[in-house]
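Okay, coords27.cif is below, mmCIF, C-alpha atoms and all ligand atoms:
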data_work
#
loop_
_atom_site.group_PDB
_atom_site.id
_atom_site.type_symbol
_atom_site.label_atom_id
_atom_site.label_comp_id
_atom_site.auth_asym_id
_atom_site.auth_seq_id
_atom_site.Cartn_x
_atom_site.Cartn_y
_atom_site.Cartn_z
ATOM 1 C CA MET K 889 0.000 0.000 0.000
ATOM 2 C CA LEU K 890 2.753 2.459 0.998
ATOM 3 C CA THR K 891 6.279 2.131 -0.292
ATOM 4 C CA LEU K 892 9.113 4.363 0.746
ATOM 5 C CA GLU K 893 11.807 3.892 -1.885
ATOM 6 C CA LYS K 894 15.289 5.038 -0.910
ATOM 7 C CA VAL K 895 13.797 8.112 0.715
ATOM 8 C CA ARG K 896 16.174 10.821 1.857
ATOM 9 C CA LEU K 897 14.790 13.398 4.303
ATOM 10 C CA GLY K 898 16.129 16.198 6.420
ATOM 11 C CA TYR K 899 16.065 19.834 7.326
ATOM 12 C CA ASP K 900 17.851 22.552 5.344
ATOM 13 C CA ARG K 901 21.171 21.003 4.446
ATOM 14 C CA THR K 902 21.125 18.320 7.161
ATOM 15 C CA THR K 903 20.178 14.825 6.039
ATOM 16 C CA VAL K 904 18.442 12.890 8.818
ATOM 17 C CA VAL K 905 16.995 9.895 6.959
ATOM 18 C CA HIS K 906 19.430 8.309 4.506
ATOM 19 C CA ASP K 907 17.880 6.495 1.538
ATOM 20 C CA VAL K 908 15.490 4.383 3.572
ATOM 21 C CA SER K 909 13.164 1.831 1.966
ATOM 22 C CA ILE K 910 10.124 0.499 3.793
ATOM 23 C CA GLU K 911 7.109 -1.401 2.514
ATOM 24 C CA VAL K 912 3.773 -1.228 4.334
ATOM 25 C CA PRO K 913 1.419 -3.873 2.921
ATOM 26 C CA ASP K 914 -2.376 -3.555 2.666
ATOM 27 C CA SER K 915 -2.909 -4.963 6.131
ATOM 28 C CA GLY K 916 -1.002 -5.699 9.308
ATOM 29 C CA ILE K 917 1.335 -3.666 11.478
ATOM 30 C CA VAL K 918 4.806 -2.529 10.426
ATOM 31 C CA ALA K 919 6.981 -1.331 13.316
ATOM 32 C CA VAL K 920 9.878 1.092 12.920
ATOM 33 C CA LEU K 921 12.014 0.882 16.041
ATOM 34 C CA GLY K 922 14.779 3.249 17.006
ATOM 35 C CA HIS K 923 16.260 5.347 19.775
ATOM 36 C CA ASN K 924 15.591 9.042 20.371
ATOM 37 C CA GLY K 925 16.857 11.070 17.471
ATOM 38 C CA ALA K 926 17.118 8.094 15.076
ATOM 39 C CA GLY K 927 14.853 9.860 12.584
ATOM 40 C CA LYS K 928 11.552 8.059 13.199
ATOM 41 C CA THR K 929 9.435 11.219 13.327
ATOM 42 C CA THR K 930 11.248 12.625 10.309
ATOM 43 C CA LEU K 931 10.397 9.441 8.400
ATOM 44 C CA LEU K 932 6.691 9.781 9.226
ATOM 45 C CA ARG K 933 6.754 13.482 8.350
ATOM 46 C CA GLY K 934 8.084 12.465 4.953
ATOM 47 C CA ALA K 935 5.413 9.792 4.555
ATOM 48 C CA ILE K 936 2.530 12.180 5.296
ATOM 49 C CA GLY K 937 3.962 15.083 3.263
ATOM 50 C CA LEU K 938 5.098 17.519 5.945
ATOM 51 C CA LEU K 939 8.590 17.083 4.500
ATOM 52 C CA ARG K 940 9.410 16.651 0.830
ATOM 53 C CA PRO K 941 11.915 13.909 0.037
ATOM 54 C CA MET K 942 15.349 15.179 -1.025
ATOM 55 C CA ALA K 943 15.677 11.946 -2.990
ATOM 56 C CA GLY K 944 13.697 8.755 -3.448
ATOM 57 C CA ARG K 945 9.995 8.141 -3.848
ATOM 58 C CA VAL K 946 6.924 7.896 -1.644
ATOM 59 C CA VAL K 947 4.428 5.655 -3.423
ATOM 60 C CA PHE K 948 0.882 5.125 -2.154
ATOM 61 C CA ASP K 949 -1.352 2.688 -4.006
ATOM 62 C CA GLY K 950 0.950 2.856 -7.013
ATOM 63 C CA GLU K 951 0.912 6.665 -7.154
ATOM 64 C CA ASP K 952 4.026 8.738 -6.499
ATOM 65 C CA VAL K 953 2.707 11.114 -3.792
ATOM 66 C CA GLY K 954 6.106 12.651 -2.989
ATOM 67 C CA ARG K 955 5.073 16.076 -4.243
ATOM 68 C CA LEU K 956 1.641 16.073 -2.622
ATOM 69 C CA GLY K 957 1.010 17.908 0.644
ATOM 70 C CA PRO K 958 -0.548 16.335 3.737
ATOM 71 C CA SER K 959 -4.217 17.096 2.900
ATOM 72 C CA ALA K 960 -3.951 15.426 -0.500
ATOM 73 C CA ARG K 961 -2.337 12.380 1.102
ATOM 74 C CA VAL K 962 -5.003 12.251 3.822
ATOM 75 C CA ALA K 963 -7.661 12.429 1.097
ATOM 76 C CA ARG K 964 -6.063 9.343 -0.491
ATOM 77 C CA GLY K 965 -6.305 7.365 2.752
ATOM 78 C CA LEU K 966 -3.182 8.095 4.771
ATOM 79 C CA ALA K 967 -3.496 9.363 8.339
ATOM 80 C CA TYR K 968 -0.860 10.466 10.815
ATOM 81 C CA VAL K 969 -1.031 10.821 14.589
ATOM 82 C CA PRO K 970 1.990 12.877 15.654
ATOM 83 C CA GLN K 971 3.757 12.403 18.950
ATOM 84 C CA GLY K 972 2.493 14.501 21.850
ATOM 85 C CA GLN K 973 -1.278 14.060 21.956
ATOM 86 C CA GLN K 974 -2.097 17.086 19.868
ATOM 87 C CA ALA K 975 -5.550 18.668 19.877
ATOM 88 C CA PHE K 976 -7.099 22.136 19.832
ATOM 89 C CA GLY K 977 -6.927 22.827 23.553
ATOM 90 C CA ASP K 978 -9.558 25.577 23.610
ATOM 91 C CA LEU K 979 -12.110 23.481 21.761
ATOM 92 C CA SER K 980 -14.212 20.747 23.349
ATOM 93 C CA THR K 981 -13.742 17.081 22.533
ATOM 94 C CA ARG K 982 -16.913 17.275 20.411
ATOM 95 C CA GLU K 983 -15.661 20.325 18.502
ATOM 96 C CA ASN K 984 -12.286 18.681 17.909
ATOM 97 C CA LEU K 985 -14.015 15.625 16.455
ATOM 98 C CA ARG K 986 -16.611 17.571 14.483
ATOM 99 C CA LEU K 987 -14.002 19.724 12.789
ATOM 100 C CA VAL K 988 -12.404 16.654 11.246
ATOM 101 C CA ALA K 989 -15.702 14.889 10.599
ATOM 102 C CA GLU K 990 -17.081 17.876 8.688
ATOM 103 C CA GLN K 991 -13.887 18.513 6.759
ATOM 104 C CA HIS K 992 -13.807 14.895 5.589
ATOM 105 C CA ARG K 993 -17.576 14.483 5.253
ATOM 106 C CA ALA K 994 -17.467 11.524 7.618
ATOM 107 C CA PRO K 995 -20.791 9.697 7.804
ATOM 108 C CA ALA K 996 -22.464 9.703 11.257
ATOM 109 C CA SER K 997 -21.848 5.958 11.461
ATOM 110 C CA ARG K 998 -18.081 6.589 11.400
ATOM 111 C CA MET K 999 -18.340 8.910 14.406
ATOM 112 C CA ASP K 1000 -20.334 6.210 16.228
ATOM 113 C CA GLU K 1001 -17.706 3.581 15.398
ATOM 114 C CA VAL K 1002 -14.903 5.806 16.617
ATOM 115 C CA LEU K 1003 -16.687 6.577 19.879
ATOM 116 C CA ASP K 1004 -17.336 2.846 20.336
ATOM 117 C CA LEU K 1005 -13.570 2.335 20.175
ATOM 118 C CA PHE K 1006 -12.963 5.035 22.776
ATOM 119 C CA PRO K 1007 -15.987 5.045 25.112
ATOM 120 C CA ALA K 1008 -14.169 7.379 27.542
ATOM 121 C CA LEU K 1009 -14.333 10.135 24.929
ATOM 122 C CA ALA K 1010 -18.106 9.826 24.682
ATOM 123 C CA GLU K 1011 -18.248 10.828 28.373
ATOM 124 C CA LEU K 1012 -16.017 13.849 27.790
ATOM 125 C CA MET K 1013 -17.615 15.419 24.736
ATOM 126 C CA ASP K 1014 -18.146 18.818 26.385
ATOM 127 C CA ARG K 1015 -14.760 19.033 28.106
ATOM 128 C CA ARG K 1016 -12.130 21.321 26.645
ATOM 129 C CA ALA K 1017 -9.391 19.222 25.067
ATOM 130 C CA GLY K 1018 -6.812 21.230 27.006
ATOM 131 C CA LEU K 1019 -8.293 19.864 30.232
ATOM 132 C CA LEU K 1020 -8.129 16.206 29.168
ATOM 133 C CA SER K 1021 -5.416 13.917 30.536
ATOM 134 C CA GLY K 1022 -2.580 12.910 28.224
ATOM 135 C CA GLY K 1023 -4.154 9.492 27.704
ATOM 136 C CA GLN K 1024 -7.549 10.986 26.905
ATOM 137 C CA ARG K 1025 -5.969 13.463 24.495
ATOM 138 C CA GLN K 1026 -4.143 10.617 22.758
ATOM 139 C CA GLN K 1027 -7.443 8.775 22.313
ATOM 140 C CA LEU K 1028 -8.858 11.990 20.858
ATOM 141 C CA ALA K 1029 -5.904 12.315 18.485
ATOM 142 C CA ILE K 1030 -6.340 8.741 17.220
ATOM 143 C CA ALA K 1031 -10.110 9.247 16.967
ATOM 144 C CA ARG K 1032 -9.561 12.370 14.849
ATOM 145 C CA ALA K 1033 -7.255 10.452 12.524
ATOM 146 C CA LEU K 1034 -9.794 7.624 12.183
ATOM 147 C CA LEU K 1035 -12.556 10.071 11.279
ATOM 148 C CA THR K 1036 -10.704 10.827 8.048
ATOM 149 C CA GLY K 1037 -11.471 7.237 6.990
ATOM 150 C CA PRO K 1038 -7.870 6.092 6.504
ATOM 151 C CA ARG K 1039 -6.642 2.835 5.018
ATOM 152 C CA LEU K 1040 -3.199 3.351 6.532
ATOM 153 C CA LEU K 1041 -2.722 4.816 10.006
ATOM 154 C CA MET K 1042 0.719 6.086 11.006
ATOM 155 C CA LEU K 1043 1.326 6.447 14.736
ATOM 156 C CA ASP K 1044 4.314 8.162 16.345
ATOM 157 C CA GLU K 1045 5.008 6.688 19.796
ATOM 158 C CA PRO K 1046 1.310 6.576 20.698
ATOM 159 C CA THR K 1047 1.816 5.414 24.280
ATOM 160 C CA GLU K 1048 4.698 7.706 25.227
ATOM 161 C CA GLY K 1049 4.072 9.514 28.521
ATOM 162 C CA ILE K 1050 0.659 7.952 29.076
ATOM 163 C CA GLN K 1051 -0.667 6.309 32.241
ATOM 164 C CA PRO K 1052 -0.384 2.465 32.144
ATOM 165 C CA ASN K 1053 -4.119 1.618 32.082
ATOM 166 C CA VAL K 1054 -4.623 3.796 28.994
ATOM 167 C CA VAL K 1055 -1.479 2.349 27.390
ATOM 168 C CA GLN K 1056 -3.163 -1.063 27.396
ATOM 169 C CA LEU K 1057 -6.352 0.378 25.918
ATOM 170 C CA ILE K 1058 -4.450 2.079 23.113
ATOM 171 C CA GLU K 1059 -2.383 -1.027 22.367
ATOM 172 C CA ARG K 1060 -5.530 -3.168 22.292
ATOM 173 C CA THR K 1061 -7.222 -0.691 19.968
ATOM 174 C CA ILE K 1062 -4.264 -0.680 17.557
ATOM 175 C CA VAL K 1063 -4.380 -4.483 17.380
ATOM 176 C CA GLU K 1064 -8.176 -4.417 16.853
ATOM 177 C CA LEU K 1065 -7.901 -1.850 14.084
ATOM 178 C CA ALA K 1066 -5.226 -3.886 12.335
ATOM 179 C CA ALA K 1067 -7.306 -7.069 12.729
ATOM 180 C CA ALA K 1068 -10.226 -5.209 11.133
ATOM 181 C CA GLY K 1069 -8.097 -4.549 8.043
ATOM 182 C CA LEU K 1070 -6.420 -1.192 8.676
ATOM 183 C CA ALA K 1071 -2.735 -1.029 7.716
ATOM 184 C CA VAL K 1072 -0.630 0.443 10.538
ATOM 185 C CA LEU K 1073 2.846 1.983 10.525
ATOM 186 C CA LEU K 1074 3.914 2.220 14.145
ATOM 187 C CA VAL K 1075 7.004 4.094 15.216
ATOM 188 C CA GLU K 1076 8.394 3.256 18.666
ATOM 189 C CA GLN K 1077 11.518 3.461 20.753
ATOM 190 C CA HIS K 1078 10.285 0.642 23.040
ATOM 191 C CA VAL K 1079 10.642 -2.808 21.573
ATOM 192 C CA GLY K 1080 7.924 -4.636 23.572
ATOM 193 C CA PHE K 1081 4.411 -4.106 22.242
ATOM 194 C CA ALA K 1082 5.341 -2.730 18.813
ATOM 195 C CA LEU K 1083 7.522 -5.698 17.892
ATOM 196 C CA GLN K 1084 5.086 -8.216 19.336
ATOM 197 C CA ALA K 1085 2.151 -6.793 17.368
ATOM 198 C CA ALA K 1086 4.064 -6.228 14.133
ATOM 199 C CA SER K 1087 4.079 -8.446 11.044
ATOM 200 C CA THR K 1088 7.426 -6.940 10.080
ATOM 201 C CA TYR K 1089 9.844 -4.520 11.712
ATOM 202 C CA ALA K 1090 12.747 -2.291 10.758
ATOM 203 C CA VAL K 1091 15.343 -0.843 13.110
ATOM 204 C CA LEU K 1092 16.340 2.725 12.335
ATOM 205 C CA THR K 1093 19.758 3.783 13.605
ATOM 206 C CA SER K 1094 21.023 7.302 12.880
ATOM 207 C CA GLY K 1095 18.682 7.527 9.899
ATOM 208 C CA ARG K 1096 19.600 4.177 8.364
ATOM 209 C CA ILE K 1097 17.887 0.789 8.500
ATOM 210 C CA THR K 1098 20.279 -1.483 10.365
ATOM 211 C CA ASP K 1099 18.052 -4.511 10.776
ATOM 212 C CA ARG K 1100 14.725 -5.749 9.541
ATOM 213 C CA GLY K 1101 12.697 -8.910 9.793
ATOM 214 C CA GLU K 1102 9.491 -10.566 10.855
ATOM 215 C CA GLY K 1103 7.660 -9.241 13.897
ATOM 216 C CA GLY K 1104 6.715 -11.172 16.999
ATOM 217 C CA ALA K 1105 8.297 -11.773 20.358
ATOM 218 C CA THR K 1106 10.767 -14.306 18.893
ATOM 219 C CA SER K 1107 12.612 -11.421 17.201
ATOM 220 C CA THR K 1108 13.149 -9.558 20.477
ATOM 221 C CA ASP K 1109 16.766 -10.646 21.016
ATOM 222 C CA THR K 1110 17.751 -9.836 17.419
ATOM 223 C CA VAL K 1111 16.192 -6.392 17.677
ATOM 224 C CA ARG K 1112 17.725 -5.664 21.062
ATOM 225 C CA THR K 1113 21.125 -6.564 19.647
ATOM 226 C CA ALA K 1114 20.542 -4.356 16.603
ATOM 227 C CA MET K 1115 19.522 -1.499 18.904
ATOM 228 C CA ARG K 1116 22.392 -2.236 21.296
ATOM 229 C CA ILE K 1117 20.117 -2.528 24.338
HETATM 230 N N1 LIG K 1201 12.761 20.819 12.515
HETATM 231 C C1 LIG K 1201 13.987 20.321 12.596
HETATM 232 N N2 LIG K 1201 15.060 21.038 12.160
HETATM 233 C C2 LIG K 1201 16.318 20.534 12.246
HETATM 234 N N3 LIG K 1201 16.611 19.316 12.759
HETATM 235 C C3 LIG K 1201 15.604 18.564 13.207
HETATM 236 C C4 LIG K 1201 14.241 19.020 13.164
HETATM 237 N N4 LIG K 1201 13.451 18.037 13.682
HETATM 238 C C5 LIG K 1201 14.282 17.032 14.016
HETATM 239 N N5 LIG K 1201 15.557 17.339 13.742
HETATM 240 C C6 LIG K 1201 16.735 16.488 13.978
HETATM 241 O O1 LIG K 1201 16.581 15.284 13.258
HETATM 242 C C7 LIG K 1201 17.083 14.178 14.007
HETATM 243 C C8 LIG K 1201 16.015 13.100 14.077
HETATM 244 O O2 LIG K 1201 14.892 13.608 14.809
HETATM 245 P P1 LIG K 1201 13.508 12.821 14.860
HETATM 246 O O3 LIG K 1201 12.567 13.633 15.683
HETATM 247 O O4 LIG K 1201 13.105 12.437 13.503
HETATM 248 O O5 LIG K 1201 13.938 11.501 15.649
HETATM 249 P P2 LIG K 1201 13.063 10.451 16.427
HETATM 250 O O6 LIG K 1201 13.664 9.127 16.144
HETATM 251 O O7 LIG K 1201 11.626 10.628 16.113
HETATM 252 O O8 LIG K 1201 13.342 10.820 17.928
HETATM 253 P P3 LIG K 1201 12.321 10.960 19.169
HETATM 254 O O9 LIG K 1201 12.038 9.566 19.608
HETATM 255 O O10 LIG K 1201 13.110 11.740 20.144
HETATM 256 O O11 LIG K 1201 11.111 11.678 18.671
HETATM 257 C C9 LIG K 1201 17.521 14.727 15.349
HETATM 258 O O12 LIG K 1201 18.903 14.904 15.317
HETATM 259 C C10 LIG K 1201 16.813 16.057 15.446
HETATM 260 O O13 LIG K 1201 17.545 16.967 16.187
#

What is this structure when it is put down as structure tokens?
Amino acid sequence: MLTLEKVRLGYDRTTVVHDVSIEVPDSGIVAVLGHNGAGKTTLLRGAIGLLRPMAGRVVFDGEDVGRLGPSARVARGLAYVPQGQQAFGDLSTRENLRLVAEQHRAPASRMDEVLDLFPALAELMDRRAGLLSGGQRQQLAIARALLTGPRLLMLDEPTEGIQPNVVQLIERTIVELAAAGLAVLLVEQHVGFALQAASTYAVLTSGRITDRGEGGATSTDTVRTAMRI
């Protein structure tokens, strides 16, 4: 579904991601694992169109989308949940959701499905997003991405800095979404859940892929060695 072909990304004259190739198939979870500063966020920013590739191609459903901006890529079925539980803090949960739903002409049934996934949000519809906990705001951020009706969901460290009970909920939801047919590209610095849930993984070290293979707990030792942990 999404192919990054020898993609080079960076800022001004600094190259951060060096000719990286990654294939995300039509279904299942692909994990990109790497330490802080490895270039994981930069890679996702290139995939969604916040950064233009300096070299290489970003191909989605056979189309080279490398020159398209984020809205055009979202319209084609890509969605991106950045790190840090972003939402419009002054708007309520409902307003945050409605903004996306209206912009993407989401049918009412999609809103119902999303709220079924995150029942806690349904109880917090009138609360300002700025007053939500980190875990609640992360659920809101994923819900907003799902309202765009994606076929591929890209998540940047979705459980970072979140209380443990919500971590489990988010992990369970990611697995459920993937089981229901959504393709997922999950970027993580922690090996545990991401590797276990993934069909395939790649280790990113200083902007280069240093190891890749099949997901699952059996790959843990290989990945830990590749990441030097
Ligand atoms: N806007 C920017 N301008 C210049 N350099 C940047 C910018 N954003 C990130 N970088 C640099 O790019 C490198 C990779 O950062 P990136 O955020 O992609 O890594 P990461 O693997 O996602 O790390 P983390 O887990 O800390 O988010 C770092 O050296 C960082 O300082």

If you take every atom of ligand LIG 1201 (chain K) that the file lists and fit an axis-aligned box around them with 8 Å extra on each side, what centre and edge lengths come out in Å to one decimal, as lines of an AutoDock Vina configuration file?
center_x = 15.0
center_y = 15.1
center_z = 16.2
size_x = 23.8
size_y = 27.9
size_z = 24.0

Task: Among listed residues K:His923, K:Arg945, K:Arg1025, K:Arg986, nearest Val908 (chain K) (using all atoms listed in the file) - done: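 So, comparing all the options, the nearest one is K:Arg945.
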
Open item on the list: Let me make sure I understand: among K:Ser909, K:Gln1026, K:Gln971, K:Ser959, which one has the smallest atom-to-atom distance to ligand LIG 1201 (chain K) if we use all atoms listed in the file?
Closed with: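 Once distances to ligand LIG 1201 (chain K) are computed over all atoms listed in the file, the minimum belongs to K:Gln971.
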
Open item on the list: Applying the PyMOL selection byres (((chain K and resi 1050) around 12) and not hetatm) to the file I just gave you, which residues come out? Please list them as a PyMOL selection string.
Closed with: chain K and resi 971-973+1021-1027+1045-1049+1051-1059

Residues of the last selection are to be written out with C-alpha atoms, as a PDB file, in the coordinates of the input.
ATOM      1  CA  GLN K 971       3.757  12.403  18.950  1.00  0.00           C
ATOM      2  CA  GLY K 972       2.493  14.501  21.850  1.00  0.00           C
ATOM      3  CA  GLN K 973      -1.278  14.060  21.956  1.00  0.00           C
ATOM      4  CA  SER K1021      -5.416  13.917  30.536  1.00  0.00           C
ATOM      5  CA  GLY K1022      -2.580  12.910  28.224  1.00  0.00           C
ATOM      6  CA  GLY K1023      -4.154   9.492  27.704  1.00  0.00           C
ATOM      7  CA  GLN K1024      -7.549  10.986  26.905  1.00  0.00           C
ATOM      8  CA  ARG K1025      -5.969  13.463  24.495  1.00  0.00           C
ATOM      9  CA  GLN K1026      -4.143  10.617  22.758  1.00  0.00           C
ATOM     10  CA  GLN K1027      -7.443   8.775  22.313  1.00  0.00           C
ATOM     11  CA  GLU K1045       5.008   6.688  19.796  1.00  0.00           C
ATOM     12  CA  PRO K1046       1.310   6.576  20.698  1.00  0.00           C
ATOM     13  CA  THR K1047       1.816   5.414  24.280  1.00  0.00           C
ATOM     14  CA  GLU K1048       4.698   7.706  25.227  1.00  0.00           C
ATOM     15  CA  GLY K1049       4.072   9.514  28.521  1.00  0.00           C
ATOM     16  CA  GLN K1051      -0.667   6.309  32.241  1.00  0.00           C
ATOM     17  CA  PRO K1052      -0.384   2.465  32.144  1.00  0.00           C
ATOM     18  CA  ASN K1053      -4.119   1.618  32.082  1.00  0.00           C
ATOM     19  CA  VAL K1054      -4.623   3.796  28.994  1.00  0.00           C
ATOM     20  CA  VAL K1055      -1.479   2.349  27.390  1.00  0.00           C
ATOM     21  CA  GLN K1056      -3.163  -1.063  27.396  1.00  0.00           C
ATOM     22  CA  LEU K1057      -6.352   0.378  25.918  1.00  0.00           C
ATOM     23  CA  ILE K1058      -4.450   2.079  23.113  1.00  0.00           C
ATOM     24  CA  GLU K1059      -2.383  -1.027  22.367  1.00  0.00           C
TER      25      GLU K1059
END

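Residue selection for this entry, given the PyMOL selection byres (((chain K and resi 1101) around 8) and not hetatm), comprises Thr1088, Tyr1089, Ala1090, Asp1099, Arg1100, Glu1102, Gly1103 and Ser1107 of chain K.
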
Could you tell me, counting all atoms listed in the file, which protein and nucleic acid residues lie no more than 6 Å from ligand LIG 1201 (chain K), written as a PDB file with C-alpha atoms, keeping the file's coordinate frame?
ATOM      1  CA  TYR K 899      16.065  19.834   7.326  1.00  0.00           C
ATOM      2  CA  VAL K 904      18.442  12.890   8.818  1.00  0.00           C
ATOM      3  CA  HIS K 923      16.260   5.347  19.775  1.00  0.00           C
ATOM      4  CA  ASN K 924      15.591   9.042  20.371  1.00  0.00           C
ATOM      5  CA  GLY K 925      16.857  11.070  17.471  1.00  0.00           C
ATOM      6  CA  ALA K 926      17.118   8.094  15.076  1.00  0.00           C
ATOM      7  CA  GLY K 927      14.853   9.860  12.584  1.00  0.00           C
ATOM      8  CA  LYS K 928      11.552   8.059  13.199  1.00  0.00           C
ATOM      9  CA  THR K 929       9.435  11.219  13.327  1.00  0.00           C
ATOM     10  CA  THR K 930      11.248  12.625  10.309  1.00  0.00           C
TER      11      THR K 930
END

Task: Picked residues, the PyMOL selection byres (((chain K and resi 976-978) around 7) and not hetatm), expected as a list of chain:residue names - done: K:Ala975, K:Leu979, K:Ser980, K:Asn984, K:Arg1016, K:Ala1017, K:Gly1018

Task: Pick from K:Ile1117, K:Ala1031, K:Ile917, K:Val895 nearest to Ala1086 (chain K), counting all atoms listed in the file - done: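 Once distances to Ala1086 (chain K) are computed over all atoms listed in the file, the minimum belongs to K:Ile917.
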